[in-house]
file target-v3.txt (compact mmCIF, C-alpha atoms)
# COMPACT_ATOMS: atom_id res chain seq x y z
CA MET A 1285 114.69 103.09 87.16
CA ARG A 1286 113.22 101.27 90.16
CA ALA A 1287 111.30 98.70 88.13
CA GLU A 1288 114.41 97.54 86.32
CA ALA A 1289 116.43 97.50 89.54
CA ALA A 1290 113.82 95.32 91.22
CA ALA A 1291 113.71 92.99 88.24
CA VAL A 1292 117.48 92.67 87.99
CA ALA A 1293 118.02 92.25 91.75
CA ALA A 1294 115.46 89.45 92.13
CA PRO A 1295 116.58 85.81 91.89
CA PRO A 1296 115.01 83.69 89.13
CA VAL A 1297 111.39 82.54 89.38
CA ALA A 1298 110.71 79.12 87.90
CA LEU A 1299 107.52 79.59 85.91
CA GLU A 1300 106.84 78.44 82.36
CA LEU A 1301 104.45 80.73 80.51
CA ASP A 1302 102.28 80.10 77.50
CA LEU A 1303 100.98 83.54 76.52
CA ASP A 1304 99.76 85.00 73.22
CA VAL A 1305 102.97 86.96 72.76
CA PHE A 1306 105.45 84.76 74.56
CA ASP A 1307 106.09 81.08 75.23
CA GLY A 1308 108.89 80.27 77.67
CA PRO A 1309 110.20 80.96 81.18
CA PHE A 1310 108.98 84.02 83.10
CA ASP A 1311 112.53 85.28 83.76
CA LEU A 1312 113.24 85.34 80.03
CA LEU A 1313 110.06 87.33 79.47
CA VAL A 1314 111.17 89.94 82.05
CA THR A 1315 114.61 90.16 80.42
CA LEU A 1316 113.12 90.62 76.95
CA ILE A 1317 110.78 93.33 78.23
CA LEU A 1318 113.71 95.17 79.83
CA ARG A 1319 115.62 94.96 76.52
CA ASP A 1320 112.58 96.35 74.71
CA GLU A 1321 112.39 93.22 72.62
CA ILE A 1322 108.85 92.57 73.81
CA ASP A 1323 106.42 95.45 74.20
CA ILE A 1324 105.03 95.36 77.72
CA TRP A 1325 101.74 96.69 76.33
CA GLU A 1326 101.24 93.32 74.67
CA VAL A 1327 101.69 91.34 77.90
CA ARG A 1328 98.66 90.67 80.07
CA VAL A 1329 100.12 90.70 83.60
CA SER A 1330 96.87 89.27 85.01
CA ARG A 1331 97.42 86.18 82.84
CA ILE A 1332 100.93 85.70 84.28
CA ILE A 1333 99.50 85.89 87.79
CA ALA A 1334 96.78 83.34 86.89
CA GLU A 1335 99.43 80.96 85.57
CA TYR A 1336 101.44 81.34 88.74
CA VAL A 1337 98.40 80.63 90.91
CA VAL A 1338 97.76 77.43 88.90
CA LYS A 1339 101.42 76.45 89.32
CA LEU A 1340 101.19 77.00 93.07
CA ALA A 1341 98.03 74.90 93.23
CA ASP A 1342 99.66 72.13 91.18
CA SER A 1343 102.76 71.96 93.33
CA GLY A 1344 100.73 71.83 96.52
CA GLU A 1345 103.48 73.74 98.30
CA PHE A 1346 103.75 77.38 99.21
CA ASP A 1347 107.32 78.69 99.07
CA LEU A 1348 107.20 82.12 100.68
CA ASP A 1349 110.58 83.24 99.29
CA ALA A 1350 109.78 82.22 95.71
CA THR A 1351 106.34 83.82 95.90
CA SER A 1352 107.83 87.03 97.31
CA GLN A 1353 110.26 87.16 94.37
CA PHE A 1354 107.39 86.65 91.97
CA VAL A 1355 105.37 89.45 93.60
CA VAL A 1356 108.39 91.79 93.36
CA LEU A 1357 108.81 91.07 89.64
CA VAL A 1358 105.11 91.39 88.86
CA ALA A 1359 104.99 94.66 90.81
CA ALA A 1360 107.96 95.88 88.75
CA LEU A 1361 106.16 95.00 85.52
CA LEU A 1362 103.01 96.77 86.69
CA GLU A 1363 105.05 99.83 87.65
CA MET A 1364 106.66 99.94 84.19
CA LYS A 1365 103.30 99.53 82.52
CA SER A 1366 101.60 102.22 84.62
CA ARG A 1367 104.52 104.59 84.12
CA LEU A 1368 104.10 104.28 80.37
CA LEU A 1369 100.60 105.69 80.79
CA LEU A 1370 102.02 108.88 82.30
CA GLU A 1371 105.35 109.16 80.50
CA GLU A 1372 104.17 111.32 77.63
CA GLU A 1373 102.66 113.98 79.90
CA ILE A 1374 105.72 114.09 82.17
CA GLU A 1375 108.13 114.39 79.26
CA GLU A 1376 106.08 117.20 77.76
CA GLU A 1377 106.14 119.07 81.08
CA LEU A 1378 109.90 118.63 81.47
CA GLU A 1379 110.59 119.70 77.91
CA ASP A 1380 108.62 122.89 78.49
CA LEU A 1381 110.54 123.72 81.65
CA ASP A 1382 113.83 125.54 81.06
CA PRO A 1383 116.11 126.32 84.04
CA ASP A 1384 115.02 129.98 84.24
CA GLU A 1385 111.39 128.95 84.25
CA ALA A 1386 112.10 126.35 86.94
CA ALA A 1387 113.84 128.99 89.07
CA ARG A 1388 110.92 131.37 88.59
CA GLN A 1389 108.42 128.69 89.64
CA LEU A 1390 110.47 127.86 92.73
CA LEU A 1391 110.64 131.54 93.66
CA ASP A 1392 106.86 131.88 93.21
CA ARG A 1393 106.29 128.93 95.51
CA LEU A 1394 108.63 130.30 98.16
CA VAL A 1395 106.98 133.72 97.99
CA ARG A 1396 103.54 132.14 98.38
CA TYR A 1397 104.73 129.92 101.23
CA SER A 1398 106.28 132.93 103.02
CA GLN A 1399 102.90 134.66 102.94
CA PHE A 1400 101.27 131.79 104.84
CA ARG A 1401 104.21 131.49 107.23
CA ASN A 1402 103.83 135.17 108.08
CA ALA A 1403 100.07 134.71 108.46
CA ALA A 1404 100.80 131.86 110.88
CA GLY A 1405 102.84 134.32 112.95
CA ARG A 1406 99.81 136.62 113.18
CA LEU A 1407 97.56 133.70 114.09
CA ALA A 1408 99.99 132.86 116.89
CA GLY A 1409 99.40 136.36 118.29
CA LEU A 1410 95.61 135.98 118.08
CA TRP A 1411 95.88 132.56 119.73
CA ALA A 1412 97.89 133.95 122.63
CA GLU A 1413 95.32 136.71 123.09
CA HIS A 1414 92.07 134.79 122.73
CA SER A 1415 92.53 131.04 123.17
CA GLY A 1416 92.27 131.24 126.96
CA ARG A 1417 88.89 132.99 126.89
CA LEU A 1418 85.96 131.08 128.37
CA TYR A 1419 82.68 131.48 126.52
CA ARG A 1420 79.20 130.52 127.68
CA SER A 1421 78.90 126.89 126.75
CA ALA A 1422 77.06 123.71 127.52
CA PRO A 1423 78.81 121.83 130.31
CA VAL A 1424 81.17 119.05 129.34
CA PRO A 1425 79.71 115.66 130.34
CA ALA A 1426 81.27 114.60 133.65
CA ALA A 1427 82.68 111.44 132.09
CA LEU A 1428 84.76 113.49 129.63
CA LEU A 1429 86.24 115.91 132.17
CA ARG A 1430 89.95 115.54 132.80
CA ARG A 1431 90.37 115.06 136.51
CA ALA A 1432 93.52 115.83 138.40
CA THR A 1433 94.94 112.89 140.36
CA PRO A 1434 94.87 113.59 144.08
CA GLU A 1435 98.37 114.09 145.44
CA GLY A 1436 99.81 111.01 147.08
CA ALA A 1437 97.15 108.72 145.63
CA LEU A 1438 99.64 107.13 143.23
CA SER A 1439 102.81 105.40 144.32
CA ALA A 1440 105.23 103.05 142.59
CA GLU A 1441 103.59 100.14 144.41
CA VAL A 1442 100.10 101.11 143.24
CA LEU A 1443 101.30 101.49 139.63
CA ALA A 1444 103.15 98.17 139.78
CA GLY A 1445 100.05 96.51 141.17
CA ALA A 1446 98.03 97.87 138.25
CA LEU A 1447 100.61 96.72 135.69
CA VAL A 1448 101.10 93.16 136.89
CA PRO A 1449 97.68 91.86 135.77
CA LEU A 1450 98.33 93.38 132.33
CA LEU A 1451 101.63 91.49 131.98
CA ARG A 1452 100.09 88.12 132.90
CA GLU A 1453 99.59 85.82 129.89
CA PRO A 1454 95.88 85.25 129.29
CA PRO A 1455 94.79 81.58 129.13
CA ALA A 1456 94.80 80.07 125.63
CA PRO A 1457 91.30 80.14 124.10
CA ASP A 1458 89.44 76.82 124.06
CA THR A 1459 89.04 75.71 120.46
CA SER A 1460 87.92 72.15 121.21
CA HIS A 1461 84.45 72.88 119.78
CA LEU A 1462 85.95 73.73 116.37
CA ALA A 1463 86.24 70.82 113.94
CA ASP A 1464 89.29 70.57 111.71
CA LEU A 1465 88.70 71.37 108.05
CA ALA A 1466 88.79 68.01 106.27
CA VAL A 1467 89.39 69.31 102.74
CA SER A 1468 91.95 71.82 101.51
CA LEU A 1469 91.56 73.79 98.30
CA VAL A 1470 94.76 72.32 96.84
CA LYS A 1471 93.65 68.72 97.58
CA GLU A 1472 90.19 69.40 96.18
CA LEU A 1473 91.69 70.90 93.02
CA ARG A 1474 93.79 67.77 92.56
CA ARG A 1475 90.76 65.49 93.09
CA LEU A 1476 88.60 67.44 90.59
CA ARG A 1477 91.39 67.43 87.99
CA LEU A 1478 91.62 63.66 88.29
CA ILE A 1479 87.86 63.27 87.84
CA LEU A 1480 87.92 65.69 84.91
CA ASP A 1481 90.77 63.78 83.26
CA ASP A 1482 88.98 60.45 83.75
CA THR A 1483 85.46 61.41 82.78
CA GLY A 1484 85.76 64.61 80.72
CA GLU A 1485 82.50 65.82 82.27
CA PHE A 1486 80.78 65.60 85.66
CA THR A 1487 78.17 67.44 87.73
CA PHE A 1488 78.74 69.37 90.93
CA ALA A 1489 76.09 67.34 92.76
CA ALA A 1490 77.88 64.11 91.88
CA VAL A 1491 81.27 65.12 93.28
CA ALA A 1492 80.40 67.53 96.11
CA PRO A 1493 80.71 66.25 99.68
CA ARG A 1494 77.75 66.51 102.04
CA GLU A 1495 79.27 68.79 104.65
CA ARG A 1496 78.54 72.49 103.95
CA LEU A 1497 82.07 73.80 104.41
CA GLU A 1498 83.52 71.03 102.26
CA ARG A 1499 80.94 71.75 99.54
CA ALA A 1500 82.05 75.39 99.62
CA VAL A 1501 85.68 74.31 99.11
CA THR A 1502 84.61 72.13 96.16
CA PHE A 1503 82.76 75.11 94.69
CA PHE A 1504 85.84 77.34 95.06
CA ALA A 1505 87.91 74.65 93.37
CA LEU A 1506 85.46 74.64 90.45
CA LEU A 1507 85.78 78.42 90.13
CA GLU A 1508 89.56 78.05 90.19
CA LEU A 1509 89.43 75.45 87.38
CA HIS A 1510 87.20 77.80 85.43
CA SER A 1511 89.40 80.87 85.91
CA SER A 1512 92.52 78.93 84.96
CA GLY A 1513 90.79 77.88 81.73
CA GLU A 1514 90.85 74.16 82.52
CA ALA A 1515 87.12 73.65 82.86
CA ARG A 1516 83.91 75.02 81.45
CA LEU A 1517 80.91 75.47 83.77
CA ARG A 1518 77.27 75.38 82.68
CA GLN A 1519 74.09 75.78 84.66
CA ALA A 1520 70.75 75.38 82.90
CA HIS A 1521 68.80 77.45 85.42
CA HIS A 1522 69.31 79.24 88.75
CA PHE A 1523 70.05 76.85 91.63
CA GLY A 1524 70.24 73.98 89.11
CA ASP A 1525 73.11 71.50 89.05
CA ILE A 1526 76.40 72.71 87.58
CA VAL A 1527 77.84 70.71 84.69
CA VAL A 1528 81.63 70.76 84.58
CA SER A 1529 83.36 69.79 81.36
CA ARG A 1530 86.92 69.89 80.09
CA ALA A 1531 87.51 73.18 78.29
CA SER A 1532 88.28 72.90 74.59
CA ALA A 1533 91.66 74.21 73.41
CA ALA A 1534 89.99 77.26 71.83
CA ALA A 1535 88.03 78.14 74.97
CA ALA A 1536 91.08 77.74 77.20
CA GLY A 1537 93.20 80.13 75.07
CA MET B 157 67.85 149.02 131.26
CA ARG B 158 65.28 148.78 128.49
CA SER B 159 62.92 145.83 128.37
CA LEU B 160 64.41 144.53 125.08
CA THR B 161 67.93 144.73 126.55
CA ARG B 162 66.88 142.60 129.53
CA ARG B 163 65.21 140.07 127.23
CA LEU B 164 68.37 139.80 125.13
CA GLU B 165 70.37 139.27 128.30
CA ALA B 166 68.06 136.36 129.15
CA LEU B 167 68.48 134.84 125.67
CA LEU B 168 72.27 135.04 125.88
CA PHE B 169 72.27 133.59 129.38
CA ILE B 170 70.35 130.52 128.24
CA SER B 171 72.19 129.99 124.91
CA SER B 172 75.26 127.80 125.03
CA ARG B 173 76.49 128.96 121.59
CA PRO B 174 76.88 132.37 119.91
CA VAL B 175 73.47 133.52 118.62
CA PRO B 176 73.26 135.55 115.37
CA ALA B 177 71.50 138.92 115.69
CA ASP B 178 68.70 137.88 113.33
CA ARG B 179 67.88 134.88 115.57
CA LEU B 180 67.72 137.21 118.58
CA ALA B 181 65.38 139.55 116.65
CA GLU B 182 63.22 136.60 115.64
CA ALA B 183 62.99 135.35 119.23
CA CYS B 184 62.07 138.81 120.54
CA ARG B 185 59.71 139.49 117.59
CA CYS B 186 61.35 142.79 116.79
CA ASP B 187 63.52 144.13 113.98
CA GLU B 188 67.30 143.84 113.84
CA GLY B 189 67.76 147.60 114.21
CA ASP B 190 66.14 147.47 117.66
CA VAL B 191 68.28 144.46 118.56
CA ALA B 192 71.46 146.29 117.49
CA ALA B 193 70.57 149.27 119.69
CA ALA B 194 69.69 147.03 122.65
CA LEU B 195 72.92 145.05 122.20
CA THR B 196 74.91 148.28 122.34
CA GLU B 197 73.22 149.07 125.64
CA LEU B 198 73.91 145.52 126.88
CA CYS B 199 77.59 145.79 125.89
CA ASP B 200 77.85 149.08 127.80
CA GLU B 201 76.27 147.44 130.85
CA PHE B 202 78.74 144.56 130.65
CA ALA B 203 81.72 146.70 129.69
CA PRO B 204 85.06 145.22 130.82
CA GLY B 205 85.68 145.75 134.52
CA ARG B 206 82.01 146.07 135.56
CA HIS B 207 80.90 142.42 135.81
CA GLY B 208 82.45 138.97 135.91
CA ILE B 209 81.02 138.31 132.46
CA GLU B 210 81.16 140.27 129.21
CA VAL B 211 79.12 140.34 126.01
CA ARG B 212 81.17 139.37 122.99
CA GLU B 213 80.55 139.01 119.28
CA VAL B 214 82.36 135.91 118.07
CA ALA B 215 81.91 132.98 115.63
CA GLY B 216 78.94 134.50 113.82
CA GLY B 217 76.90 135.54 116.83
CA ILE B 218 76.64 137.18 120.24
CA THR B 219 77.52 135.30 123.41
CA LEU B 220 78.47 135.75 127.02
CA ALA B 221 82.09 135.21 128.04
CA VAL B 222 83.93 135.12 131.34
CA ALA B 223 85.88 138.33 131.97
CA ASP B 224 89.56 137.64 131.36
CA ASP B 225 90.56 138.53 134.93
CA CYS B 226 88.07 135.98 136.31
CA ALA B 227 89.04 133.11 133.99
CA ASP B 228 91.56 131.48 136.34
CA ASP B 229 88.98 131.25 139.13
CA VAL B 230 86.50 129.62 136.75
CA ARG B 231 89.15 127.11 135.67
CA ARG B 232 89.92 126.17 139.24
CA LEU B 233 86.21 125.67 139.94
CA THR B 234 85.32 123.73 136.79
CA GLY B 235 88.57 121.94 135.99
CA ALA B 236 88.52 123.46 132.48
CA GLU B 237 92.04 123.68 131.07
CA ARG B 238 93.63 126.11 128.64
CA PRO B 239 94.07 124.51 125.22
CA ASP B 240 97.62 123.32 124.53
CA ASP B 241 99.74 125.73 122.52
CA LEU B 242 100.06 125.19 118.78
CA SER B 243 103.45 124.38 117.26
CA PRO B 244 104.70 126.47 114.29
CA ALA B 245 103.82 123.58 111.92
CA LEU B 246 100.25 123.46 113.22
CA LEU B 247 99.86 127.25 112.98
CA GLU B 248 101.24 127.23 109.44
CA THR B 249 98.85 124.45 108.37
CA LEU B 250 95.98 126.25 110.07
CA ALA B 251 96.87 129.47 108.22
CA VAL B 252 96.74 127.64 104.87
CA VAL B 253 93.41 125.99 105.72
CA SER B 254 91.78 129.16 107.06
CA TYR B 255 92.75 131.33 104.08
CA LEU B 256 92.20 128.76 101.31
CA GLU B 257 89.26 126.72 102.61
CA PRO B 258 87.74 124.49 101.41
CA VAL B 259 91.11 122.95 100.64
CA THR B 260 92.42 119.42 100.02
CA ARG B 261 95.36 117.78 101.78
CA ALA B 262 97.33 117.84 98.52
CA GLU B 263 96.79 121.60 98.10
CA ILE B 264 98.03 122.21 101.66
CA ALA B 265 101.10 120.08 100.99
CA GLU B 266 101.74 121.99 97.76
CA VAL B 267 101.79 125.34 99.59
CA ARG B 268 103.90 124.11 102.51
CA GLY B 269 106.19 121.91 100.41
CA VAL B 270 105.90 119.07 102.94
CA SER B 271 103.28 116.48 103.78
CA SER B 272 100.79 117.92 106.26
CA GLU B 273 99.08 114.67 107.20
CA TRP B 274 100.10 114.69 110.85
CA ALA B 275 99.40 118.41 111.26
CA LEU B 276 95.91 118.07 109.77
CA GLY B 277 95.14 115.08 111.98
CA SER B 278 96.27 116.96 115.05
CA LEU B 279 94.23 120.06 114.13
CA GLU B 280 91.18 117.85 113.53
CA GLU B 281 91.63 116.26 116.96
CA ARG B 282 91.72 119.71 118.54
CA GLY B 283 88.54 120.68 116.70
CA LEU B 284 90.26 123.52 114.86
CA VAL B 285 89.86 121.96 111.42
CA GLU B 286 86.83 120.06 110.14
CA GLN B 287 86.05 117.96 107.10
CA LYS B 288 83.79 119.86 104.71
CA GLY B 289 82.83 117.21 102.18
CA ARG B 290 84.69 116.02 99.11
CA ALA B 291 86.12 117.81 96.08
CA ASP B 292 84.59 117.22 92.67
CA SER B 293 87.94 116.13 91.22
CA PRO B 294 89.61 112.78 90.46
CA GLY B 295 89.71 110.63 93.57
CA ALA B 296 87.18 112.90 95.32
CA PRO B 297 89.68 114.03 98.01
CA ILE B 298 88.40 115.27 101.39
CA LEU B 299 88.00 119.04 101.71
CA TYR B 300 89.08 120.71 104.95
CA GLY B 301 87.98 123.98 106.53
CA THR B 302 87.66 125.75 109.87
CA GLY B 303 84.59 125.92 112.12
CA GLU B 304 83.12 127.65 115.14
CA ARG B 305 85.82 126.49 117.53
CA PHE B 306 88.54 128.02 115.34
CA LEU B 307 86.73 131.38 115.29
CA LYS B 308 86.18 131.32 119.07
CA LEU B 309 89.75 130.41 119.98
CA PHE B 310 91.16 133.11 117.69
CA GLY B 311 88.56 135.69 118.77
CA LEU B 312 87.13 136.17 115.25
CA ARG B 313 83.54 137.13 114.39
CA SER B 314 83.81 135.37 111.03
CA ARG B 315 86.45 134.31 108.53
CA GLY B 316 86.13 137.81 107.10
CA ASP B 317 87.81 139.01 110.31
CA LEU B 318 91.03 137.17 109.42
CA PRO B 319 93.86 139.63 108.85
CA ASP B 320 94.12 140.78 105.23
CA PRO B 321 96.46 138.24 103.55
CA THR B 322 98.09 140.97 101.44
CA GLU B 323 99.61 142.24 104.73
CA PHE B 324 101.77 139.14 104.81
CA ALA B 325 102.99 139.25 101.20
CA LEU B 326 106.74 139.73 100.87
CA GLY B 327 107.87 143.20 99.80
CA VAL B 328 109.82 143.82 96.60
CA ALA B 329 113.10 144.01 98.50
CA GLU B 330 112.42 140.73 100.30
CA VAL B 331 111.54 138.96 97.03
CA ASP B 332 114.76 140.30 95.47
CA GLU B 333 116.75 139.01 98.42
CA LEU B 334 115.10 135.59 98.14
CA ARG B 335 115.85 135.49 94.41
CA ALA B 336 119.49 136.40 95.04
CA ARG B 337 119.78 133.62 97.64
CA LEU B 338 118.31 131.10 95.21
CA HIS B 339 120.78 132.13 92.49
CA ALA B 340 123.68 131.97 94.93
CA ASN B 341 122.66 128.46 96.01
CA ALA B 342 122.29 127.34 92.37
CA GLU B 343 125.75 128.67 91.49
CA ARG B 344 127.31 127.00 94.49
CA ARG B 345 125.88 123.68 93.31
CA GLY B 346 127.07 124.34 89.77
CA VAL B 347 123.55 124.37 88.19
call {"tool": "encode", "arguments": {"input": "target-v3.txt", "output": "C-alpha cells"}}
result
Amino acid sequence: MRAEAAAVAAPPVALELDLDVFDGPFDLLVTLILRDEIDIWEVRVSRIIAEYVVKLADSGEFDLDATSQFVVLVAALLEMKSRLLLEEEIEEELEDLDPDEAARQLLDRLVRYSQFRNAAGRLAGLWAEHSGRLYRSAPVPAALLRRATPEGALSAEVLAGALVPLLREPPAPDTSHLADLAVSLVKELRRLRLILDDTGEFTFAAVAPRERLERAVTFFALLELHSSGEARLRQAHHFGDIVVSRASAAAAG
Amino acid sequence: MRSLTRRLEALLFISSRPVPADRLAEACRCDEGDVAAALTELCDEFAPGRHGIEVREVAGGITLAVADDCADDVRRLTGAERPDDLSPALLETLAVVSYLEPVTRAEIAEVRGVSSEWALGSLEERGLVEQKGRADSPGAPILYGTGERFLKLFGLRSRGDLPDPTEFALGVAEVDELRARLHANAERRGV
C-alpha cells in the first residue's frame, strides 16, 4: 500500500501531540495507526496539522526538509482515511467478479472499442473526401490570416538579430519605493503570547501598531492564537474593539 | 430560371453559413414545398462541371461551395490552407464523441481505454469538438459534442448522416477470434 510505504520511508518528524485519542510523538501515532492499534477514524488530521503549525510558529524557523516529511506523512494518513471510505464498495465489486466474468467484461470492452476504431476508419475516408472543400463563408479577419514568408526575406543573420534582444537580461526592477515589512507573523505571535501570559487579557486597540500593514499582521496573529486554541476573542459589536483573553483549559480542548 | 430560384440564389450568395430550408421559405414568404422545388432547379443549374460554384446541403442547411476542381485556385488567391490531417488517435476520439455526444472525458477514456485529454484538446483547438455544457452527475464534468465545423469538414448534412454504427460492429467470427486471442494470452501468463 502506498500510504504505508510513504509512512515507513519517511524519516522521523519531531512533533509532540496532545489529541483526544493520543498523547505522544507524531511518529508513534503513525506507527500505531499502521499496526491498527489506533483507529484512524478517531484521529482528526486537521488537529495534527494545527499543532504542527503552532510548533513551526513557536520555533520561528522553517525547516523545508522536516516540513516536507510532515506533509508526506499527513498525506499518507489522509490517503488511508479516504481509502477507507471507498474500501467497502471496491471489495464488494471485486468479490462479485470471478475470472470468467472479468474476461467477458474485457471482451465486451474490446468489441465496443473495435466498433469505434472501425468508425474512425470511415471518418478518415469522409475527411479525405470533404475536408478540402471550400464553403461560402465570412472572410477571415486579415490579422488572423497565415501569411507565407517571402522567399529570401529570412536569413540566419536576420534571425540572429531578432533573437539577441530576447537573450539580453532585462534590468532589475526598481523596488526602492517599497518599504520593508517591519513585523513578521512569527515575531508578532511571540509578542502577543508574551502579553497574553503577562496580562491574561488585552484589547486589539491597545496592542496594535499604527501602520496599516502591521495592524493586519497583528490581526492575523490574533486569528492564529484563536485557531490554535490559545486565546479567546470577543467583540461586543461590529467594528468594536476586540478583547483577547487566555482560553480556559476546557475551551482550548 | 424561375423567380423564386433566382431569389434563393441571392440569399445563398449573401449568407456566410448554411441556411435551413425553413429560413429560406420564411425570407421568401413562401412555403417549404416551393423552396424544395426551386432548390432542385438551382442544384440543376449549378450541377458539377457547369459553374465554379455548386449548391450543397451541409451542416443543417443549404450553402454555396467552391467546385472541387477550382479549390486550388481559390486557395492560391486567398491564402486559405487545407486543414491538417487527423491522426488515428484524433479520428478515434472524434468517432467516440460524434456517436455518443454529449459525452464526458471519462466516458471517452472508458471506451478508448486510454486518457483522451490531449486528443480532446487538439480537436477543440481545430474546432471539431465543442463544449456542450456540464453533466448532471457528481463533479459536473464538461460534456463534449460536435458542431457545424465537424459536419462541414466531413460533408454531413446532420449527425443523422453519420454512417450507421452497426456497420462497424465486429462479426461473430471476429468476436470469436478476439475471444480466442484473449484466452491464449491468459494461458500464456498462467492466469
call {"tool": "interface_residues", "arguments": {"input": "target-v3.txt", "of": "chain A", "to": "chain B", "cutoff": "8 Å", "atoms": "only C-alpha atoms", "output": "NGL selection string"}}
result
:A and (1387 or 1391 or 1393 or 1395-1408 or 1410-1411 or 1413-1422 or 1429-1431)
call {"tool": "write_last_selection", "arguments": {"input": "target-v3.txt", "atoms": "C-alpha atoms", "output": "tab-separated table (two decimals), keeping the file's coordinate frame"}}
result
chain	number	residue	atom	x	y	z
A	1387	ALA	CA	113.84	128.99	89.07
A	1391	LEU	CA	110.64	131.54	93.66
A	1393	ARG	CA	106.29	128.93	95.51
A	1395	VAL	CA	106.98	133.72	97.99
A	1396	ARG	CA	103.54	132.14	98.38
A	1397	TYR	CA	104.73	129.92	101.23
A	1398	SER	CA	106.28	132.93	103.02
A	1399	GLN	CA	102.90	134.66	102.94
A	1400	PHE	CA	101.27	131.79	104.84
A	1401	ARG	CA	104.21	131.49	107.23
A	1402	ASN	CA	103.83	135.17	108.08
A	1403	ALA	CA	100.07	134.71	108.46
A	1404	ALA	CA	100.80	131.86	110.88
A	1405	GLY	CA	102.84	134.32	112.95
A	1406	ARG	CA	99.81	136.62	113.18
A	1407	LEU	CA	97.56	133.70	114.09
A	1408	ALA	CA	99.99	132.86	116.89
A	1410	LEU	CA	95.61	135.98	118.08
A	1411	TRP	CA	95.88	132.56	119.73
A	1413	GLU	CA	95.32	136.71	123.09
A	1414	HIS	CA	92.07	134.79	122.73
A	1415	SER	CA	92.53	131.04	123.17
A	1416	GLY	CA	92.27	131.24	126.96
A	1417	ARG	CA	88.89	132.99	126.89
A	1418	LEU	CA	85.96	131.08	128.37
A	1419	TYR	CA	82.68	131.48	126.52
A	1420	ARG	CA	79.20	130.52	127.68
A	1421	SER	CA	78.90	126.89	126.75
A	1422	ALA	CA	77.06	123.71	127.52
A	1429	LEU	CA	86.24	115.91	132.17
A	1430	ARG	CA	89.95	115.54	132.80
A	1431	ARG	CA	90.37	115.06	136.51
call {"tool": "residues_near_point", "arguments": {"input": "target-v3.txt", "point": "(97.3, 93.5, 86.4)", "cutoff": "7 Å", "atoms": "all atoms listed in the file", "output": "list in words"}}
result
Val1329, Ser1330 and Leu1362 of chain A
call {"tool": "residues_near_point", "arguments": {"input": "target-v3.txt", "point": "(87.6, 63.9, 80.0)", "cutoff": "12 Å", "atoms": "all atoms listed in the file", "output": "list in words"}}
result
Leu1476, Arg1477, Leu1478, Ile1479, Leu1480, Asp1481, Asp1482, Thr1483, Gly1484, Glu1485, Phe1486, Glu1514, Ala1515, Arg1516, Val1528, Ser1529, Arg1530, Ala1531 and Ser1532 of chain A
call {"tool": "atom_distance", "arguments": {"input": "target-v3.txt", "atom1": "atom CA of Leu1357 of chain A", "atom2": "atom CA of Leu1509 of chain A"}}
result
25.0 Å
call {"tool": "closest_residue", "arguments": {"input": "target-v3.txt", "among": "B:Ala296, B:Cys199, B:Leu233, B:Glu165", "to": "Glu213 of chain B", "atoms": "all atoms listed in the file"}}
result
B:Cys199
call {"tool": "residues_around", "arguments": {"input": "target-v3.txt", "residues": "Val259 of chain B", "least_positions_apart": "4", "cutoff": "8 Å", "atoms": "all atoms listed in the file", "output": "PyMOL selection string"}}
result
chain B and resi 253+263-264+299-301
call {"tool": "write_last_selection", "arguments": {"input": "target-v3.txt", "atoms": "C-alpha atoms", "output": "short mmCIF file (atom, residue, chain, number, x, y, z; two decimals), keeping the file's coordinate frame"}}
result
data_model
loop_
_atom_site.label_atom_id
_atom_site.label_comp_id
_atom_site.auth_asym_id
_atom_site.auth_seq_id
_atom_site.Cartn_x
_atom_site.Cartn_y
_atom_site.Cartn_z
CA VAL B 253 93.41 125.99 105.72
CA GLU B 263 96.79 121.60 98.10
CA ILE B 264 98.03 122.21 101.66
CA LEU B 299 88.00 119.04 101.71
CA TYR B 300 89.08 120.71 104.95
CA GLY B 301 87.98 123.98 106.53
#
call {"tool": "residues_around", "arguments": {"input": "target-v3.txt", "residues": "Ala1298 of chain A", "least_positions_apart": "6", "cutoff": "9 Å", "atoms": "all atoms listed in the file", "output": "PyMOL selection string"}}
result
chain A and resi 1309-1311+1350
call {"tool": "atom_distance", "arguments": {"input": "target-v3.txt", "atom1": "atom CA of Phe1306 of chain A", "atom2": "atom CA of Ala1359 of chain A"}}
result
19.0 Å
